Amino acid sequence: MPYILVEDFRGGLDTRRSNVTALPGTLVSIKNAHVTRGGEIEKRPAFVPLSTLPANTTGLAAANGQIYVFGHEAESAVTFPSDTPANVNYVRLEHPTSSVALTKVLATDFFNGQVYAAAQFADGRIYHYYNAVRITDWFDGRARAKIQITGGTVGGTAATGSFTMSAGTANPGDNIRTITVNSVSLISTAVAHTGNNATTATNVANAINAATTTPNYTASASGAVITITSVTVGIAVNGFAVAVQTDGAAGVSSITNMSGGVDNAITNITVNGINIIPSQVPWSASNSATASLVADAINDFNSAPEYEATATGADVNIISKASGTSFNNYAIVVSVAGNVTTAFSPTSQNYLDGGATDSSINGYTPGSFVRPVKTKMYALSDSLLHFSGTNDPTEWNDGSAGAGFINLSNNASGSEDLQAIANYFDNIAVFAQQAIQIWFVSANENLNQQVQVLSNTGTMAPQSVVEFGDNDVFYLSVSGVRSLRARDSSNAAFVGDIGNPIDETVIDAINADTASGTEAQGILDPRTGRYLLSIGGTVFVFSYFPSSKVSAWSTYEPGFAIDNWAYDASQILCRSGNGLYSLGGENGNTYDNATVEVQMPFLDASTPATSKDFTGIDVTCTNQWDVLAATDPADITILEQIATVNRTTYGLGRVSMAGYSTHIAPKFTCTQAGAAKLGNVVVHYEGSEAS
């Protein structure tokens, strides 16, 4: 009896083909599992809760068996639960004004065994710290102001238009034949005039209300006046033309087009008379959510001069892109519509303030990404690649002890907003959003030189950039997951498309929530060699074992979004909110009862036009699996449960089934606690006739 053998799953998740044409060994979905070095499917380890961290801490870093979290308050004000592991350490990063809260740890790394951190505070300022001491060589001289979103609701006011019934008789043929708004007909049939303008107006309003259009409208009558109201609120309908056609002696007058629609929104923000948002920002969900949208709008808009913004709760910090006193006293005007309200904080400061210069230090904005390379600490700030003094991460003054900077925008276009640094062979790769520059850097800054430029690629997610050995770098780009690797023995870099099988899914996730894309977090698990990339609540897992010809993507669904990854030399750690978790525990072999889902594509035994009697399935597995199958090539979601298996079925008699189709798509789920594997699958069938 013939059968279809799926020998392994080394192709992993692959969204490039339809589920009818996908190759055997690839998968339509694989959740809470990964592919092993042998091409088998293995359940993911558990996300083991280690502790609930204090709410006045943020961030996560680890090295040499120690774990670090951060906050701005004194250590005496930070209380850890009794179950917190003993190797968790608190690092205070104190703002010059100690009451200003730490809101985000932008980047951390280690220099000489001590934590180096770039941190952002509630006022939008960024400071650098080494061994918990603020580095005063960095100077943030940008002018700034704060606005608060103090009120609002989703929605707005609907636009209205009107006309008046002015003439007509009850004679046949006196009709209101058509009523349109923006060429959309609002009545399905003509409305006869009754001989009375007021009763006719009521009939017209009823006819409009009885019809459903796209967009939709309602109507009301007051005497002879008919008022048309848009069901869609806001400004979109403003200006739509109202047109009425009549027959016979029927007549209308005083036609007014649609107007008065208002969105509950921040309609504009200007600084010194210059717009700093491209269009209005509707109030959304909450004051804090709206503040985040306003900050995003400012950051995405190119004004002249440029401004940037951060959001902390309902506060928006507006910050000049450049340092200096020239921005001080620039007036800020916030325009709103509907029921949105805003305020300045402090209330009297409706202007930028705090811009300054200091001739004794570099005066450049502290960067948001840091990385140690060859006896120096490197940092990125706008288009500048800064480097510290040799063996001194606290010295950043240009020309002092080997410190300095390179303006990478003078070396390649697209490098105006640098994002991340990674080691690449004996060089470094510096990532912008639309360019990657390869540089040779040295303790002797006079030897620094550009090696290569790769245009039209880069990253918007600094923490997605992860080194894989010394010759490969994985990163998230706007086109999906990419890798920077050597083309040949020359070590010249080129961009590999390692994420090609899942790029559509990744791009959809980024488009659905831009913030989840820019905040994507990546790490390489040294224990397994897997690249883990968290975007929102999904972890994309890349199992790459070239000697076994395994290059397979899968997904984990931990049930929460991951804010930070870290590795403490024995276990992969992650933080979500105030939760601290270990992936698999210290030994990496702790499992839970997370549901594993494996959906295979349709199999056709290389005879897609031939109908088959499917008679049974054999499977190699451990733990308990539910076996289901779809046999309608037009709908893979229509599944029939076949059996539940808890061991390898070969030699025990196949799992019998009855199905008649040209194709079959097996699906396997495991809901049991403990480790689980799925090795290979055989589908038995009897041949029939060509369809």
# chains A, B, ... in the order shown; residues from 1 in each chain; ligands from 1
$ residues_around --residues "stretch 195-202 of chain A" --least-positions-apart "2" --cutoff "12 Å" --atoms "only C-alpha atoms" --output "PyMOL selection string"
chain A and resi 162-176+190-193+204-209+219-228+249-253
$ write_last_selection --atoms "N, CA and C atoms" --output "tab-separated table (two decimals), in the first residue's frame"
chain	number	residue	atom	x	y	z
A	162	SER	N	-28.08	70.14	4.71
A	162	SER	CA	-29.54	70.31	4.78
A	162	SER	C	-30.08	70.87	3.48
A	163	PHE	N	-31.38	70.76	3.36
A	163	PHE	CA	-32.11	71.45	2.30
A	163	PHE	C	-33.55	71.62	2.76
A	164	THR	N	-34.29	72.48	2.09
A	164	THR	CA	-35.66	72.80	2.48
A	164	THR	C	-36.62	72.45	1.35
A	165	MET	N	-37.68	71.73	1.70
A	165	MET	CA	-38.77	71.52	0.74
A	165	MET	C	-39.50	72.85	0.57
A	166	SER	N	-39.54	73.35	-0.68
A	166	SER	CA	-40.09	74.70	-0.90
A	166	SER	C	-41.30	74.74	-1.81
A	167	ALA	N	-41.57	73.63	-2.53
A	167	ALA	CA	-42.70	73.67	-3.46
A	167	ALA	C	-43.13	72.25	-3.80
A	168	GLY	N	-44.36	72.12	-4.29
A	168	GLY	CA	-44.87	70.84	-4.75
A	168	GLY	C	-46.34	70.69	-4.48
A	169	THR	N	-46.97	69.77	-5.20
A	169	THR	CA	-48.38	69.45	-5.02
A	169	THR	C	-48.52	67.96	-4.83
A	170	ALA	N	-49.77	67.53	-4.54
A	170	ALA	CA	-50.05	66.10	-4.40
A	170	ALA	C	-50.31	65.44	-5.74
A	171	ASN	N	-50.17	66.19	-6.82
A	171	ASN	CA	-50.40	65.61	-8.14
A	171	ASN	C	-49.34	64.57	-8.47
A	172	PRO	N	-49.75	63.49	-9.16
A	172	PRO	CA	-48.74	62.50	-9.59
A	172	PRO	C	-47.65	63.17	-10.43
A	173	GLY	N	-46.42	62.74	-10.19
A	173	GLY	CA	-45.28	63.29	-10.93
A	173	GLY	C	-44.53	64.35	-10.20
A	174	ASP	N	-45.09	64.87	-9.07
A	174	ASP	CA	-44.32	65.80	-8.24
A	174	ASP	C	-43.52	64.97	-7.23
A	175	ASN	N	-42.24	64.73	-7.54
A	175	ASN	CA	-41.42	63.81	-6.74
A	175	ASN	C	-40.08	64.45	-6.37
A	176	ILE	N	-39.54	63.94	-5.25
A	176	ILE	CA	-38.13	64.15	-4.95
A	176	ILE	C	-37.45	62.89	-5.50
A	190	ALA	N	-37.97	57.19	-5.54
A	190	ALA	CA	-38.43	58.57	-5.45
A	190	ALA	C	-39.49	58.71	-4.35
A	191	VAL	N	-39.53	59.89	-3.75
A	191	VAL	CA	-40.51	60.21	-2.70
A	191	VAL	C	-41.52	61.20	-3.28
A	192	ALA	N	-42.79	60.83	-3.25
A	192	ALA	CA	-43.83	61.70	-3.81
A	192	ALA	C	-44.13	62.86	-2.88
A	193	HIS	N	-44.35	64.03	-3.46
A	193	HIS	CA	-44.74	65.19	-2.67
A	193	HIS	C	-46.19	65.02	-2.22
A	204	VAL	N	-39.30	62.23	3.34
A	204	VAL	CA	-37.94	62.18	2.78
A	204	VAL	C	-36.94	61.71	3.84
A	205	ALA	N	-37.06	62.26	5.06
A	205	ALA	CA	-36.15	61.84	6.14
A	205	ALA	C	-36.31	60.35	6.43
A	206	ASN	N	-37.55	59.87	6.45
A	206	ASN	CA	-37.78	58.43	6.69
A	206	ASN	C	-37.15	57.58	5.59
A	207	ALA	N	-37.24	58.05	4.35
A	207	ALA	CA	-36.66	57.29	3.23
A	207	ALA	C	-35.14	57.22	3.35
A	208	ILE	N	-34.54	58.32	3.77
A	208	ILE	CA	-33.08	58.31	3.96
A	208	ILE	C	-32.69	57.34	5.08
A	209	ASN	N	-33.46	57.37	6.17
A	209	ASN	CA	-33.15	56.49	7.30
A	209	ASN	C	-33.36	55.02	6.95
A	219	ALA	N	-31.22	61.09	8.77
A	219	ALA	CA	-31.85	62.37	8.48
A	219	ALA	C	-32.95	62.64	9.49
A	220	SER	N	-33.27	63.90	9.65
A	220	SER	CA	-34.38	64.33	10.49
A	220	SER	C	-35.07	65.50	9.81
A	221	ALA	N	-36.35	65.70	10.16
A	221	ALA	CA	-37.11	66.81	9.57
A	221	ALA	C	-37.61	67.72	10.66
A	222	SER	N	-37.51	69.00	10.41
A	222	SER	CA	-38.06	70.02	11.30
A	222	SER	C	-38.83	70.99	10.42
A	223	GLY	N	-40.14	70.85	10.45
A	223	GLY	CA	-40.93	71.60	9.49
A	223	GLY	C	-40.58	71.14	8.10
A	224	ALA	N	-40.25	72.07	7.22
A	224	ALA	CA	-39.90	71.72	5.83
A	224	ALA	C	-38.41	71.49	5.64
A	225	VAL	N	-37.62	71.64	6.73
A	225	VAL	CA	-36.16	71.52	6.63
A	225	VAL	C	-35.73	70.09	6.92
A	226	ILE	N	-34.93	69.50	6.02
A	226	ILE	CA	-34.39	68.15	6.18
A	226	ILE	C	-32.90	68.30	6.49
A	227	THR	N	-32.48	67.75	7.63
A	227	THR	CA	-31.07	67.78	8.02
A	227	THR	C	-30.49	66.39	7.85
A	228	ILE	N	-29.41	66.30	7.09
A	228	ILE	CA	-28.70	65.04	6.83
A	228	ILE	C	-27.49	64.99	7.74
A	249	ALA	N	-43.68	69.79	-10.21
A	249	ALA	CA	-43.71	71.06	-9.50
A	249	ALA	C	-42.95	71.03	-8.19
A	250	ALA	N	-42.43	69.82	-7.80
A	250	ALA	CA	-41.69	69.73	-6.55
A	250	ALA	C	-40.42	70.56	-6.63
A	251	GLY	N	-40.07	71.22	-5.53
A	251	GLY	CA	-38.87	72.03	-5.53
A	251	GLY	C	-38.24	72.12	-4.16
A	252	VAL	N	-36.93	72.37	-4.14
A	252	VAL	CA	-36.18	72.52	-2.89
A	252	VAL	C	-35.39	73.81	-2.94
A	253	SER	N	-34.99	74.27	-1.78
A	253	SER	CA	-34.17	75.48	-1.69
A	253	SER	C	-33.20	75.36	-0.53
$ closest_residue --among "A:Gly313, A:Pro2, A:Gly389, A:Gly113" --to "A:Glu686" --atoms "only C-alpha atoms"
A:Pro2
$ select_by_dssp --residues "stretch 262-459 of chain A" --states "strand (DSSP E or B)" --output "CSV table (one decimal) with N, CA and C atoms, in the first residue's frame"
chain,number,residue,atom,x,y,z
A,262,VAL,N,-16.2,67.3,13.2
A,262,VAL,CA,-15.0,67.6,14.0
A,262,VAL,C,-14.5,66.3,14.6
A,263,ASP,N,-13.2,66.1,14.5
A,263,ASP,CA,-12.5,65.0,15.2
A,263,ASP,C,-12.1,65.4,16.6
A,265,ALA,N,-9.3,65.6,18.5
A,265,ALA,CA,-7.9,65.5,18.1
A,265,ALA,C,-7.1,66.6,18.5
A,266,ILE,N,-5.8,66.4,18.5
A,266,ILE,CA,-4.8,67.5,18.5
A,266,ILE,C,-4.6,67.8,17.0
A,267,THR,N,-5.0,68.9,16.6
A,267,THR,CA,-5.1,69.2,15.1
A,267,THR,C,-3.7,69.8,14.6
A,268,ASN,N,-2.9,70.4,15.5
A,268,ASN,CA,-1.7,70.9,15.1
A,268,ASN,C,-0.8,71.3,16.3
A,269,ILE,N,0.5,71.2,16.1
A,269,ILE,CA,1.4,71.7,17.1
A,269,ILE,C,2.5,72.5,16.4
A,270,THR,N,2.7,73.7,16.8
A,270,THR,CA,3.8,74.5,16.1
A,270,THR,C,4.8,75.0,17.2
A,271,VAL,N,6.0,75.1,16.7
A,271,VAL,CA,7.1,75.7,17.5
A,271,VAL,C,7.7,76.8,16.8
A,274,ILE,N,6.4,77.0,13.3
A,274,ILE,CA,6.7,75.9,12.4
A,274,ILE,C,5.9,74.6,12.8
A,275,ASN,N,5.1,74.0,11.9
A,275,ASN,CA,4.4,72.8,12.2
A,275,ASN,C,5.4,71.7,12.5
A,281,VAL,N,-3.8,64.4,15.1
A,281,VAL,CA,-3.6,63.2,15.9
A,281,VAL,C,-4.9,63.0,16.7
A,282,PRO,N,-5.8,62.0,16.3
A,282,PRO,CA,-7.0,61.8,17.0
A,282,PRO,C,-6.7,61.3,18.4
A,307,TYR,N,12.6,68.6,15.4
A,307,TYR,CA,12.3,68.3,16.8
A,307,TYR,C,12.0,66.8,17.0
A,308,GLU,N,12.2,66.4,18.2
A,308,GLU,CA,11.9,65.0,18.6
A,308,GLU,C,11.1,65.1,19.9
A,309,ALA,N,10.5,63.9,20.2
A,309,ALA,CA,9.7,63.9,21.4
A,309,ALA,C,9.7,62.5,22.0
A,310,THR,N,9.4,62.5,23.3
A,310,THR,CA,9.2,61.3,24.1
A,310,THR,C,7.9,61.4,24.8
A,311,ALA,N,7.3,60.3,25.1
A,311,ALA,CA,6.1,60.3,25.9
A,311,ALA,C,6.3,59.5,27.2
A,312,THR,N,5.8,60.1,28.3
A,312,THR,CA,5.8,59.4,29.6
A,312,THR,C,4.5,59.6,30.2
A,315,ASP,N,2.3,62.7,29.4
A,315,ASP,CA,3.1,63.8,29.1
A,315,ASP,C,3.9,63.6,27.8
A,316,VAL,N,4.0,64.7,27.0
A,316,VAL,CA,4.8,64.7,25.8
A,316,VAL,C,6.0,65.7,25.9
A,317,ASN,N,7.2,65.2,25.9
A,317,ASN,CA,8.4,66.1,25.9
A,317,ASN,C,8.7,66.5,24.5
A,318,ILE,N,8.7,67.8,24.2
A,318,ILE,CA,9.1,68.3,22.9
A,318,ILE,C,10.5,68.8,23.0
A,319,ILE,N,11.4,68.3,22.2
A,319,ILE,CA,12.9,68.6,22.4
A,319,ILE,C,13.5,69.0,21.1
A,320,SER,N,14.2,70.1,21.1
A,320,SER,CA,15.0,70.5,19.9
A,320,SER,C,16.0,69.4,19.5
A,321,LYS,N,16.1,69.2,18.3
A,321,LYS,CA,17.1,68.2,17.8
A,321,LYS,C,18.5,68.6,18.1
A,322,ALA,N,18.8,69.9,18.0
A,322,ALA,CA,20.1,70.4,18.2
A,322,ALA,C,20.2,71.1,19.6
A,323,SER,N,21.4,71.1,20.1
A,323,SER,CA,21.7,71.8,21.4
A,323,SER,C,21.9,73.3,21.1
A,331,ALA,N,8.0,79.9,21.0
A,331,ALA,CA,6.6,79.6,21.5
A,331,ALA,C,6.1,78.4,20.9
A,332,ILE,N,5.3,77.6,21.8
A,332,ILE,CA,4.6,76.4,21.4
A,332,ILE,C,3.1,76.7,21.4
A,333,VAL,N,2.5,76.3,20.3
A,333,VAL,CA,1.0,76.5,20.2
A,333,VAL,C,0.4,75.1,19.9
A,334,VAL,N,-0.5,74.6,20.8
A,334,VAL,CA,-1.1,73.4,20.6
A,334,VAL,C,-2.6,73.6,20.2
A,335,SER,N,-3.0,73.2,19.0
A,335,SER,CA,-4.4,73.4,18.6
A,335,SER,C,-5.1,72.1,18.7
A,336,VAL,N,-6.4,72.2,19.3
A,336,VAL,CA,-7.2,71.0,19.5
A,336,VAL,C,-8.6,71.2,18.9
A,337,ALA,N,-9.3,70.1,18.7
A,337,ALA,CA,-10.6,70.1,18.3
A,337,ALA,C,-11.5,69.1,19.1
A,341,THR,N,-8.4,68.1,25.5
A,341,THR,CA,-7.8,69.2,26.3
A,341,THR,C,-6.4,68.9,26.5
A,342,THR,N,-5.6,70.0,26.6
A,342,THR,CA,-4.1,69.8,26.9
A,342,THR,C,-3.7,70.9,27.8
A,343,ALA,N,-2.5,70.8,28.4
A,343,ALA,CA,-2.0,71.8,29.3
A,343,ALA,C,-0.5,71.7,29.2
A,344,PHE,N,0.2,72.8,29.5
A,344,PHE,CA,1.6,72.9,29.6
A,344,PHE,C,2.1,72.5,31.0
A,351,TYR,N,6.7,77.5,26.1
A,351,TYR,CA,7.8,77.8,25.2
A,351,TYR,C,9.0,76.8,25.5
A,353,ASP,N,12.7,75.8,26.6
A,353,ASP,CA,13.6,76.3,27.6
A,353,ASP,C,14.7,75.3,27.9
A,369,PHE,N,22.4,54.1,22.1
A,369,PHE,CA,23.0,52.8,21.9
A,369,PHE,C,24.5,52.8,22.2
A,370,VAL,N,24.9,51.8,23.0
A,370,VAL,CA,26.3,51.7,23.4
A,370,VAL,C,26.9,50.3,23.2
A,371,ARG,N,28.2,50.2,22.9
A,371,ARG,CA,28.8,48.9,22.7
A,371,ARG,C,30.3,49.0,22.9
A,372,PRO,N,30.9,48.2,23.7
A,372,PRO,CA,32.4,48.2,23.8
A,372,PRO,C,33.1,47.5,22.6
A,373,VAL,N,34.1,48.1,22.1
A,373,VAL,CA,34.9,47.6,21.0
A,373,VAL,C,36.3,48.0,21.2
A,376,LYS,N,37.6,50.5,23.8
A,376,LYS,CA,36.8,51.7,23.9
A,376,LYS,C,35.3,51.4,24.0
A,377,MET,N,34.6,52.3,24.6
A,377,MET,CA,33.2,52.3,24.5
A,377,MET,C,32.7,53.2,23.4
A,378,TYR,N,31.8,52.6,22.6
A,378,TYR,CA,31.2,53.4,21.4
A,378,TYR,C,29.8,53.7,21.7
A,379,ALA,N,29.3,54.9,21.2
A,379,ALA,CA,27.9,55.3,21.4
A,379,ALA,C,27.5,56.0,20.1
A,380,LEU,N,26.2,55.9,19.9
A,380,LEU,CA,25.6,56.5,18.7
A,380,LEU,C,24.7,57.7,19.1
A,381,SER,N,24.8,58.8,18.4
A,381,SER,CA,24.0,60.0,18.7
A,381,SER,C,23.7,60.6,17.3
A,384,LEU,N,26.3,60.6,14.5
A,384,LEU,CA,27.7,60.6,15.0
A,384,LEU,C,28.0,59.2,15.7
A,385,LEU,N,29.1,58.7,15.3
A,385,LEU,CA,29.7,57.5,16.0
A,385,LEU,C,30.8,58.0,17.0
A,386,HIS,N,30.4,58.0,18.3
A,386,HIS,CA,31.3,58.5,19.3
A,386,HIS,C,32.2,57.3,19.8
A,387,PHE,N,33.4,57.6,20.3
A,387,PHE,CA,34.2,56.6,21.0
A,387,PHE,C,34.9,57.3,22.2
A,389,GLY,N,37.7,57.4,25.5
A,389,GLY,CA,39.1,57.3,25.7
A,389,GLY,C,39.5,55.8,25.8
A,392,ASP,N,39.0,53.9,29.0
A,392,ASP,CA,38.3,54.8,29.9
A,392,ASP,C,36.9,55.1,29.4
A,404,GLY,N,36.7,60.7,20.7
A,404,GLY,CA,36.3,61.5,19.5
A,404,GLY,C,35.0,61.0,18.9
A,405,PHE,N,34.8,61.4,17.7
A,405,PHE,CA,33.6,61.0,17.0
A,405,PHE,C,33.9,61.0,15.5
A,406,ILE,N,33.0,60.3,14.7
A,406,ILE,CA,33.0,60.3,13.3
A,406,ILE,C,31.6,60.6,12.8
A,407,ASN,N,31.4,61.6,12.0
A,407,ASN,CA,30.1,61.9,11.4
A,407,ASN,C,29.8,61.0,10.2
A,418,LEU,N,21.6,57.0,13.3
A,418,LEU,CA,22.2,55.7,13.6
A,418,LEU,C,21.4,55.0,14.7
A,419,GLN,N,21.4,53.6,14.5
A,419,GLN,CA,20.6,52.8,15.4
A,419,GLN,C,21.3,51.8,16.3
A,420,ALA,N,22.3,51.2,15.7
A,420,ALA,CA,23.0,50.1,16.4
A,420,ALA,C,24.4,49.8,15.9
A,421,ILE,N,25.2,49.1,16.8
A,421,ILE,CA,26.5,48.7,16.4
A,421,ILE,C,26.6,47.2,16.7
A,422,ALA,N,27.4,46.5,15.8
A,422,ALA,CA,27.7,45.1,16.0
A,422,ALA,C,29.1,44.8,15.5
A,423,ASN,N,29.7,43.8,16.2
A,423,ASN,CA,31.1,43.4,15.7
A,423,ASN,C,30.9,42.6,14.4
A,424,TYR,N,31.8,42.8,13.5
A,424,TYR,CA,31.7,42.0,12.2
A,424,TYR,C,33.2,41.7,11.8
A,427,ASN,N,36.0,44.2,12.2
A,427,ASN,CA,35.5,45.5,12.0
A,427,ASN,C,34.2,45.7,12.9
A,428,ILE,N,33.5,46.8,12.7
A,428,ILE,CA,32.2,47.0,13.3
A,428,ILE,C,31.2,47.3,12.2
A,429,ALA,N,30.0,46.9,12.3
A,429,ALA,CA,28.9,47.3,11.4
A,429,ALA,C,28.1,48.3,12.2
A,430,VAL,N,27.9,49.5,11.6
A,430,VAL,CA,27.1,50.5,12.2
A,430,VAL,C,25.8,50.6,11.4
A,431,PHE,N,24.6,50.4,12.0
A,431,PHE,CA,23.3,50.3,11.4
A,431,PHE,C,22.6,51.7,11.5
A,432,ALA,N,22.1,52.2,10.4
A,432,ALA,CA,21.1,53.2,10.4
A,432,ALA,C,19.8,52.5,9.8
A,435,ALA,N,20.9,52.3,5.8
A,435,ALA,CA,22.3,52.1,5.4
A,435,ALA,C,23.0,51.4,6.5
A,436,ILE,N,24.0,50.6,6.1
A,436,ILE,CA,24.9,49.9,7.0
A,436,ILE,C,26.3,50.3,6.6
A,437,GLN,N,27.1,50.8,7.5
A,437,GLN,CA,28.5,51.1,7.2
A,437,GLN,C,29.4,50.2,8.0
A,438,ILE,N,30.4,49.6,7.3
A,438,ILE,CA,31.4,48.7,7.9
A,438,ILE,C,32.6,49.6,8.1
A,439,TRP,N,33.1,49.6,9.4
A,439,TRP,CA,34.3,50.4,9.7
A,439,TRP,C,35.3,49.6,10.4
A,440,PHE,N,36.6,49.8,10.0
A,440,PHE,CA,37.7,49.3,10.9
A,440,PHE,C,38.0,50.4,11.9
A,449,GLN,N,38.9,53.7,9.6
A,449,GLN,CA,38.6,53.9,8.2
A,449,GLN,C,37.4,53.1,7.8
A,450,GLN,N,36.6,53.7,6.9
A,450,GLN,CA,35.5,53.0,6.3
A,450,GLN,C,35.9,51.9,5.4
A,451,VAL,N,35.2,50.8,5.5
A,451,VAL,CA,35.6,49.6,4.7
A,451,VAL,C,34.5,49.3,3.6
A,452,GLN,N,33.2,49.5,3.9
A,452,GLN,CA,32.2,49.2,3.0
A,452,GLN,C,30.9,49.9,3.4
A,453,VAL,N,30.1,50.1,2.4
A,453,VAL,CA,28.7,50.7,2.6
A,453,VAL,C,27.7,49.8,2.0
A,454,LEU,N,26.6,49.4,2.7
A,454,LEU,CA,25.5,48.7,2.1
A,454,LEU,C,24.3,49.6,2.2
A,455,SER,N,23.8,50.0,1.1
A,455,SER,CA,22.7,51.0,1.0
A,455,SER,C,21.3,50.2,1.0
$ closest_residue --among "A:Phe70, A:Phe668, A:Tyr3, A:Phe240" --to "A:Asn578" --atoms "only C-alpha atoms"
A:Phe70
$ atom_distance --atom1 "atom CA of A:Asp417" --atom2 "atom CA of A:Ser490"
28.8 Å
$ closest_residue --among "A:Tyr475, A:Asn257, A:Asp613, A:Gly579" --to "A:Val69" --atoms "only C-alpha atoms"
A:Gly579
$ residues_around --residues "A:Leu524" --least-positions-apart "3" --cutoff "12 Å" --atoms "only C-alpha atoms" --output "MDAnalysis selection string"
chainID A and resid 463:469 472:475 521 527:534 540:544 565:567 571:573
$ write_last_selection --atoms "N, CA and C atoms" --output "CSV table (one decimal), in the first residue's frame"
chain,number,residue,atom,x,y,z
A,463,GLN,N,17.6,46.9,19.3
A,463,GLN,CA,17.8,45.7,20.1
A,463,GLN,C,17.6,44.4,19.4
A,464,SER,N,17.2,44.5,18.1
A,464,SER,CA,17.1,43.3,17.3
A,464,SER,C,18.4,42.8,16.7
A,465,VAL,N,19.4,43.7,16.8
A,465,VAL,CA,20.7,43.4,16.1
A,465,VAL,C,21.5,42.5,17.1
A,466,VAL,N,21.8,41.3,16.6
A,466,VAL,CA,22.5,40.3,17.4
A,466,VAL,C,23.6,39.6,16.6
A,467,GLU,N,24.8,39.5,17.2
A,467,GLU,CA,25.9,38.9,16.5
A,467,GLU,C,25.8,37.4,16.6
A,468,PHE,N,26.0,36.7,15.5
A,468,PHE,CA,26.0,35.3,15.4
A,468,PHE,C,27.5,34.9,15.1
A,469,GLY,N,28.3,34.5,16.1
A,469,GLY,CA,29.7,34.4,15.9
A,469,GLY,C,30.3,35.7,15.5
A,472,ASP,N,28.5,36.9,11.2
A,472,ASP,CA,27.1,37.0,10.9
A,472,ASP,C,26.4,37.9,11.9
A,473,VAL,N,25.5,38.7,11.4
A,473,VAL,CA,24.8,39.6,12.3
A,473,VAL,C,23.3,39.5,11.8
A,474,PHE,N,22.4,39.2,12.7
A,474,PHE,CA,21.0,39.1,12.4
A,474,PHE,C,20.4,40.5,12.9
A,475,TYR,N,19.4,40.9,12.1
A,475,TYR,CA,18.7,42.2,12.4
A,475,TYR,C,17.3,42.2,11.8
A,521,GLN,N,13.0,42.9,20.4
A,521,GLN,CA,14.1,42.5,21.2
A,521,GLN,C,14.7,41.2,20.7
A,527,ARG,N,23.2,28.4,24.5
A,527,ARG,CA,23.1,27.0,24.8
A,527,ARG,C,22.6,26.2,23.6
A,528,THR,N,21.7,26.8,22.8
A,528,THR,CA,21.1,26.1,21.7
A,528,THR,C,21.5,26.7,20.3
A,529,GLY,N,22.1,27.9,20.3
A,529,GLY,CA,22.5,28.5,19.0
A,529,GLY,C,21.3,29.1,18.3
A,530,ARG,N,20.1,29.3,19.0
A,530,ARG,CA,18.9,29.8,18.3
A,530,ARG,C,18.9,31.3,18.5
A,531,TYR,N,18.4,32.0,17.5
A,531,TYR,CA,18.1,33.4,17.5
A,531,TYR,C,16.7,33.6,17.9
A,532,LEU,N,16.4,34.4,18.9
A,532,LEU,CA,15.1,34.7,19.4
A,532,LEU,C,14.8,36.1,19.2
A,533,LEU,N,13.7,36.4,18.5
A,533,LEU,CA,13.3,37.8,18.2
A,533,LEU,C,11.9,38.0,18.6
A,534,SER,N,11.7,38.8,19.7
A,534,SER,CA,10.3,39.0,20.2
A,534,SER,C,9.7,40.3,19.5
A,540,PHE,N,9.8,35.0,17.5
A,540,PHE,CA,10.2,34.3,16.3
A,540,PHE,C,11.5,33.6,16.6
A,541,VAL,N,11.6,32.3,16.3
A,541,VAL,CA,12.7,31.5,16.7
A,541,VAL,C,13.4,31.0,15.4
A,542,PHE,N,14.7,31.2,15.3
A,542,PHE,CA,15.4,30.7,14.1
A,542,PHE,C,16.4,29.7,14.6
A,543,SER,N,16.1,28.4,14.1
A,543,SER,CA,17.0,27.3,14.4
A,543,SER,C,17.9,27.1,13.2
A,544,TYR,N,19.2,27.4,13.3
A,544,TYR,CA,20.1,27.4,12.2
A,544,TYR,C,21.3,26.5,12.5
A,565,TRP,N,15.6,41.0,26.9
A,565,TRP,CA,16.3,39.7,27.1
A,565,TRP,C,17.6,39.9,27.8
A,566,ALA,N,18.1,38.8,28.4
A,566,ALA,CA,19.5,38.8,28.9
A,566,ALA,C,20.0,37.4,29.1
A,567,TYR,N,21.3,37.2,29.2
A,567,TYR,CA,21.9,35.9,29.5
A,567,TYR,C,22.9,36.1,30.6
A,571,GLN,N,21.6,30.9,31.9
A,571,GLN,CA,20.2,30.8,31.5
A,571,GLN,C,19.8,32.1,30.7
A,572,ILE,N,18.8,31.9,29.8
A,572,ILE,CA,18.2,33.0,29.1
A,572,ILE,C,17.1,33.6,30.0
A,573,LEU,N,17.2,34.9,30.2
A,573,LEU,CA,16.2,35.6,31.1
A,573,LEU,C,15.4,36.6,30.2
$ select_by_dssp --residues "stretch 129-218 of chain A" --states "alpha helix (DSSP H)" --output "JSON, numbers by chain"
{"A": [197, 198, 199, 200, 201, 202, 203, 204, 205, 206, 207, 208, 209, 210]}
$ closest_residue --among "A:Ala629, A:Asp14, A:Trp553, A:Ala594" --to "A:Lys43" --atoms "only C-alpha atoms"
A:Ala594
$ residues_around --residues "stretch 503-519 of chain A" --least-positions-apart "6" --cutoff "7 Å" --atoms "only C-alpha atoms" --output "number ranges by chain"
A: 15, 460-461, 479-481, 535-536
$ atom_distance --atom1 "atom CA of A:Ser18" --atom2 "atom CA of A:Ser606"
15.7 Å
$ residues_around --residues "A:Asn646" --least-positions-apart "3" --cutoff "7 Å" --atoms "only C-alpha atoms" --output "ChimeraX atom specification"
/A:622-625
$ residues_around --residues "A:His95" --least-positions-apart "5" --cutoff "9 Å" --atoms "only C-alpha atoms" --output "PyMOL selection string"
chain A and resi 72+100-102+121+125+127+134
